[in-house]
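Below is structure-v6.cif, holding mmCIF, C-alpha atoms.
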```
data_target
#
loop_
_atom_site.label_atom_id
_atom_site.label_comp_id
_atom_site.auth_asym_id
_atom_site.auth_seq_id
_atom_site.Cartn_x
_atom_site.Cartn_y
_atom_site.Cartn_z
CA PRO A 678 97.15 89.61 114.88
CA SER A 679 100.12 87.22 115.15
CA ILE A 680 100.27 86.80 111.36
CA TRP A 681 100.10 90.58 110.89
CA GLN A 682 102.88 91.16 113.42
CA LYS A 683 105.07 88.50 111.77
CA LEU A 684 104.47 90.06 108.35
CA MET A 685 105.47 93.49 109.68
CA ARG A 686 108.63 92.06 111.31
CA ASP A 687 109.60 90.17 108.15
CA LEU A 688 109.04 93.14 105.84
CA SER A 689 110.97 95.40 108.21
CA GLU A 690 113.83 92.91 108.38
CA VAL A 691 114.29 92.90 104.61
CA GLY A 692 113.86 96.68 104.34
CA TYR A 693 110.84 96.34 102.05
CA ALA A 694 110.48 99.51 99.97
CA GLY A 695 107.93 98.54 97.29
CA SER A 696 104.18 99.04 97.19
CA PHE A 697 102.10 97.67 100.05
CA VAL A 698 98.35 97.63 99.35
CA LEU A 699 95.81 97.14 102.14
CA ASN A 700 92.70 95.69 100.53
CA SER A 701 91.25 92.52 99.08
CA TYR A 702 87.73 92.59 97.69
CA ASN A 703 86.55 94.54 100.71
CA GLU A 704 86.05 98.11 101.83
CA PRO A 705 89.17 98.85 103.89
CA LEU A 706 87.86 102.14 105.30
CA TYR A 707 84.75 100.58 106.88
CA ASP A 708 86.69 99.79 110.07
CA ARG A 709 88.83 102.62 111.42
CA ASP A 710 91.28 100.00 112.76
CA ILE A 711 92.81 100.42 109.30
CA LEU A 712 94.54 103.49 110.73
CA ASP A 713 96.47 101.24 113.14
CA ARG A 714 97.39 98.87 110.29
CA ILE A 715 98.68 101.78 108.19
CA ALA A 716 100.70 103.10 111.14
CA ASP A 717 102.14 99.61 111.75
CA ALA A 718 103.06 99.30 108.07
CA ARG A 719 104.63 102.77 108.00
CA ALA A 720 106.73 101.99 111.09
CA ALA A 721 107.87 98.65 109.63
CA MET A 722 108.42 99.93 106.09
CA PRO A 723 109.37 103.62 106.18
CA LYS A 724 110.33 103.63 102.47
CA ALA A 725 107.37 101.59 101.14
CA ARG A 726 104.48 103.12 99.22
CA ILE A 727 101.43 102.32 101.37
CA MET A 728 98.23 102.26 99.33
CA ILE A 729 94.49 101.67 99.66
CA TYR A 730 91.73 101.11 97.12
CA THR A 731 88.33 102.25 98.40
CA ASN A 732 84.87 102.98 97.08
CA GLY A 733 84.94 106.25 99.05
CA ASP A 734 81.70 105.69 100.97
CA TYR A 735 83.29 106.39 104.36
CA LEU A 736 85.51 109.30 103.41
CA THR A 737 85.24 112.57 105.31
CA PRO A 738 87.74 115.45 105.57
CA GLY A 739 88.86 114.20 108.99
CA TYR A 740 89.27 110.63 107.79
CA VAL A 741 91.45 111.71 104.86
CA ASP A 742 93.64 113.65 107.33
CA ASP A 743 93.78 110.65 109.69
CA LEU A 744 94.82 108.33 106.86
CA ALA A 745 97.61 110.70 105.84
CA ALA A 746 98.76 111.11 109.45
CA ALA A 747 98.89 107.32 109.86
CA GLY A 748 101.26 107.14 106.89
CA LEU A 749 99.13 106.41 103.83
CA ASP A 750 100.78 107.54 100.59
CA TYR A 751 98.14 106.78 97.97
CA MET A 752 94.38 106.29 97.90
CA HIS A 753 92.49 105.16 94.81
CA VAL A 754 88.76 105.83 94.96
CA SER A 755 87.07 103.32 92.65
CA ILE A 756 83.88 104.26 90.86
CA HIS A 757 81.57 101.27 90.64
CA LEU A 758 78.33 101.18 88.70
CA LYS A 759 75.17 99.93 90.31
CA GLN A 760 74.46 96.30 89.50
CA GLY A 761 72.93 95.98 86.04
CA ASP A 762 73.77 99.58 85.02
CA THR A 763 75.77 100.46 81.94
CA TYR A 764 78.62 102.97 81.97
CA SER A 765 77.52 106.60 82.09
CA ASP A 766 79.80 109.65 82.11
CA LEU A 767 77.09 111.56 83.98
CA TYR A 768 76.95 108.93 86.74
CA VAL A 769 80.75 109.00 87.07
CA LEU A 770 80.92 112.80 87.16
CA ASN A 771 78.17 112.92 89.78
CA ARG A 772 79.96 110.31 91.90
CA ILE A 773 83.22 112.28 91.71
CA ALA A 774 81.35 115.45 92.69
CA GLU A 775 79.77 113.61 95.62
CA ILE A 776 83.17 112.43 96.89
CA ALA A 777 84.65 115.92 96.46
CA HIS A 778 81.73 117.46 98.35
CA ARG A 779 81.88 114.91 101.18
CA THR A 780 85.65 115.23 101.64
CA GLY A 781 85.88 118.97 101.05
CA LEU A 782 88.51 118.33 98.36
CA GLN A 783 88.52 119.72 94.84
CA ALA A 784 88.65 117.23 91.99
CA ARG A 785 90.93 118.06 89.08
CA PHE A 786 90.20 116.12 85.92
CA ARG A 787 93.24 114.61 84.22
CA GLN A 788 91.42 112.83 81.38
CA ILE A 789 87.85 112.72 80.16
CA LYS A 790 87.24 110.54 77.15
CA PRO A 791 83.44 110.45 76.65
CA ASN A 792 81.84 107.02 77.02
CA ASP A 793 85.31 105.54 77.61
CA HIS A 794 86.96 106.66 80.86
CA ILE A 795 87.39 109.51 83.34
CA ILE A 796 90.42 110.09 85.56
CA ALA A 797 90.59 112.73 88.28
CA ARG A 798 92.83 113.65 91.21
CA PHE A 799 91.70 115.22 94.43
CA ASP A 800 93.67 118.19 95.77
CA THR A 801 95.22 117.11 99.04
CA PRO A 802 98.80 117.97 99.99
CA LYS A 803 98.99 115.12 102.48
CA LEU A 804 98.63 112.08 100.20
CA GLU A 805 98.04 111.21 96.56
CA MET A 806 94.33 110.61 95.96
CA GLU A 807 92.77 109.81 92.61
CA THR A 808 89.78 108.17 90.99
CA ARG A 809 89.30 106.37 87.73
CA ALA A 810 86.18 105.09 86.03
CA ILE A 811 86.40 102.84 82.99
CA ASN A 812 83.74 101.72 80.57
CA PHE A 813 84.23 97.97 80.93
CA ALA A 814 81.83 97.33 78.04
CA LYS A 815 84.67 98.73 75.90
CA HIS A 816 87.72 97.73 77.95
CA GLY A 817 86.62 94.69 79.92
CA ASN A 818 87.99 91.29 79.14
CA ASP A 819 86.28 87.99 79.84
CA ARG A 820 89.38 85.86 80.22
CA GLY A 821 87.45 83.04 81.88
CA GLY A 822 84.65 82.92 79.31
CA LEU A 823 81.92 83.34 81.92
CA ILE A 824 80.74 86.87 81.08
CA PRO A 825 79.79 87.03 77.40
CA ALA A 826 79.06 90.77 77.61
CA LEU A 827 82.77 91.34 78.31
CA SER A 828 84.02 89.34 75.35
CA PRO A 829 85.39 91.97 72.95
CA GLU A 830 85.60 91.53 69.21
CA ASN A 831 89.40 91.52 69.49
CA PRO A 832 90.14 89.51 72.63
CA ARG A 833 93.34 90.08 74.55
CA THR A 834 96.07 87.62 73.66
CA ASP A 835 98.94 89.04 75.74
CA PRO A 836 99.44 87.56 79.20
CA CYS A 837 98.48 89.55 82.27
CA ASN A 838 101.64 90.69 84.05
CA PHE A 839 99.77 91.43 87.28
CA VAL A 840 100.43 87.95 88.67
CA PHE A 841 104.18 88.43 88.18
CA GLN A 842 104.23 91.76 90.01
CA HIS A 843 101.81 91.18 92.91
CA PHE A 844 100.82 88.60 95.41
CA HIS A 845 97.95 88.43 97.85
CA MET A 846 98.27 87.43 101.47
CA GLY A 847 95.02 86.61 103.22
CA TYR A 848 94.27 86.99 106.91
CA THR A 849 95.24 83.35 107.48
CA GLY A 850 98.72 83.94 106.06
CA ASN A 851 98.09 82.05 102.82
CA VAL A 852 99.83 83.64 99.85
CA VAL A 853 98.63 83.39 96.24
CA PRO A 854 99.64 85.22 93.06
#
```
Would you mind writing the file out in structure tokens?
Amino acid sequence: PSIWQKLMRDLSEVGYAGSFVLNSYNEPLYDRDILDRIADARAAMPKARIMIYTNGDYLTPGYVDDLAAAGLDYMHVSIHLKQGDTYSDLYVLNRIAEIAHRTGLQARFRQIKPNDHIIARFDTPKLEMETRAINFAKHGNDRGGLIPALSPENPRTDPCNFVFQHFHMGYTGNVVP
């Protein structure tokens, strides 16, 4: 808690107005204390874009409303395949339908490229909410050389700009690109 409070004070002091993402290889909506963290971040950074990436398992209509009321601007619902499964448009469409049904929100498809990717937005006036599923067998990249199935015929040679635009701060206060 002391690290979190210091982070909020420091970001408030500099008037931080960029993107602030609350997640790190976890499911941020599992613990409803996330609502307090979002409210803290909104109070400290009124002009920042507060974001969450979730798998959507805990979403309900009330939870979506609570997230928006706390100050969340953007929620990305990731579609993950089951371990060992290959990409399937049908699986992705069913997962999107499941999330729409559970939240009571209508999904509007922005792009459907068969066996490649699907992008949809959920109709909610209170925050931006979207989902994206990508066929990583086509678009994945094994930069470390440990996953041969993700080694494309034409490997990526351009650097990843992500590390120049983002940093990660863990619960201990350690910061890494």
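CA of Asn851 in chain A sits 27.8 Å away from CA of Gly733 in chain A.
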Cut-off 12 Å: closest range 736-830 of chain A/range 704-723 of chain A atom pairs per residue, using only C-alpha atoms, as JSON lines:
```
{"residue": "A:Leu736", "atom": "CA", "partner": "A:Leu706", "partner_atom": "CA", "distance": 7.8}
{"residue": "A:Thr737", "atom": "CA", "partner": "A:Leu706", "partner_atom": "CA", "distance": 10.8}
{"residue": "A:Gly739", "atom": "CA", "partner": "A:Arg709", "partner_atom": "CA", "distance": 11.8}
{"residue": "A:Tyr740", "atom": "CA", "partner": "A:Arg709", "partner_atom": "CA", "distance": 8.8}
{"residue": "A:Val741", "atom": "CA", "partner": "A:Leu706", "partner_atom": "CA", "distance": 10.2}
{"residue": "A:Asp742", "atom": "CA", "partner": "A:Leu712", "partner_atom": "CA", "distance": 10.8}
{"residue": "A:Asp743", "atom": "CA", "partner": "A:Leu712", "partner_atom": "CA", "distance": 7.3}
{"residue": "A:Leu744", "atom": "CA", "partner": "A:Leu712", "partner_atom": "CA", "distance": 6.2}
{"residue": "A:Ala745", "atom": "CA", "partner": "A:Leu712", "partner_atom": "CA", "distance": 9.2}
{"residue": "A:Ala746", "atom": "CA", "partner": "A:Ala716", "partner_atom": "CA", "distance": 8.4}
{"residue": "A:Ala747", "atom": "CA", "partner": "A:Ala716", "partner_atom": "CA", "distance": 4.8}
{"residue": "A:Gly748", "atom": "CA", "partner": "A:Arg719", "partner_atom": "CA", "distance": 5.6}
{"residue": "A:Leu749", "atom": "CA", "partner": "A:Ile715", "partner_atom": "CA", "distance": 6.4}
{"residue": "A:Asp750", "atom": "CA", "partner": "A:Arg719", "partner_atom": "CA", "distance": 9.6}
{"residue": "A:Tyr751", "atom": "CA", "partner": "A:Ile715", "partner_atom": "CA", "distance": 11.4}
{"residue": "A:Met752", "atom": "CA", "partner": "A:Leu706", "partner_atom": "CA", "distance": 10.7}
{"residue": "A:His753", "atom": "CA", "partner": "A:Pro705", "partner_atom": "CA", "distance": 11.5}
{"residue": "A:Val754", "atom": "CA", "partner": "A:Glu704", "partner_atom": "CA", "distance": 10.7}
{"residue": "A:Ser755", "atom": "CA", "partner": "A:Glu704", "partner_atom": "CA", "distance": 10.6}
```
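Nearest residue to Gly695 in chain A, choosing from A:Ile789, A:Lys724, A:Gly850, A:His778 and counting all atoms listed in the file: A:Lys724.
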Discussion item. Selection in question (the file shown): the PyMOL selection byres ((chain A and resi 765) around 12). Which residues does it include, as a ChimeraX atom specification?
Written reply: /A:756-759,762-764,766-772,790-795,810-814
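Here CA of Arg809 in chain A stands at a distance of 9.8 Å from CA of Arg787 in chain A.
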Discussion item. Given the PyMOL selection byres ((chain A and resi 840-849) around 10) and the file above, list the residues it selects as an NGL selection string.
Written reply: :A and (678-681 or 684 or 696-701 or 836-839 or 850-854)
Worksheet entry | Point-to-point distance from CA of Gln783 in chain A to CA of Met806 in chain A, Å rounded to tenths | 10.9 Å
Discussion item. As a ChimeraX atom specification, please: the residues near Leu782 in chain A (cut-off 6 Å, only C-alpha atoms, same-chain neighbours under 3 positions excluded).
Written reply: /A:777,799-800
Worksheet item: Looking at all atoms listed in the file, which of A:Arg779, A:Lys683, A:Arg785, A:Lys803 is the one that sits closest to Pro738 in chain A?
Response: A:Arg779
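Compared by their closest atoms to Thr731 in chain A, and using all atoms listed in the file, the residues A:Ser689, A:Glu807, A:Thr780, A:Thr801 rank with A:Glu807 nearest.
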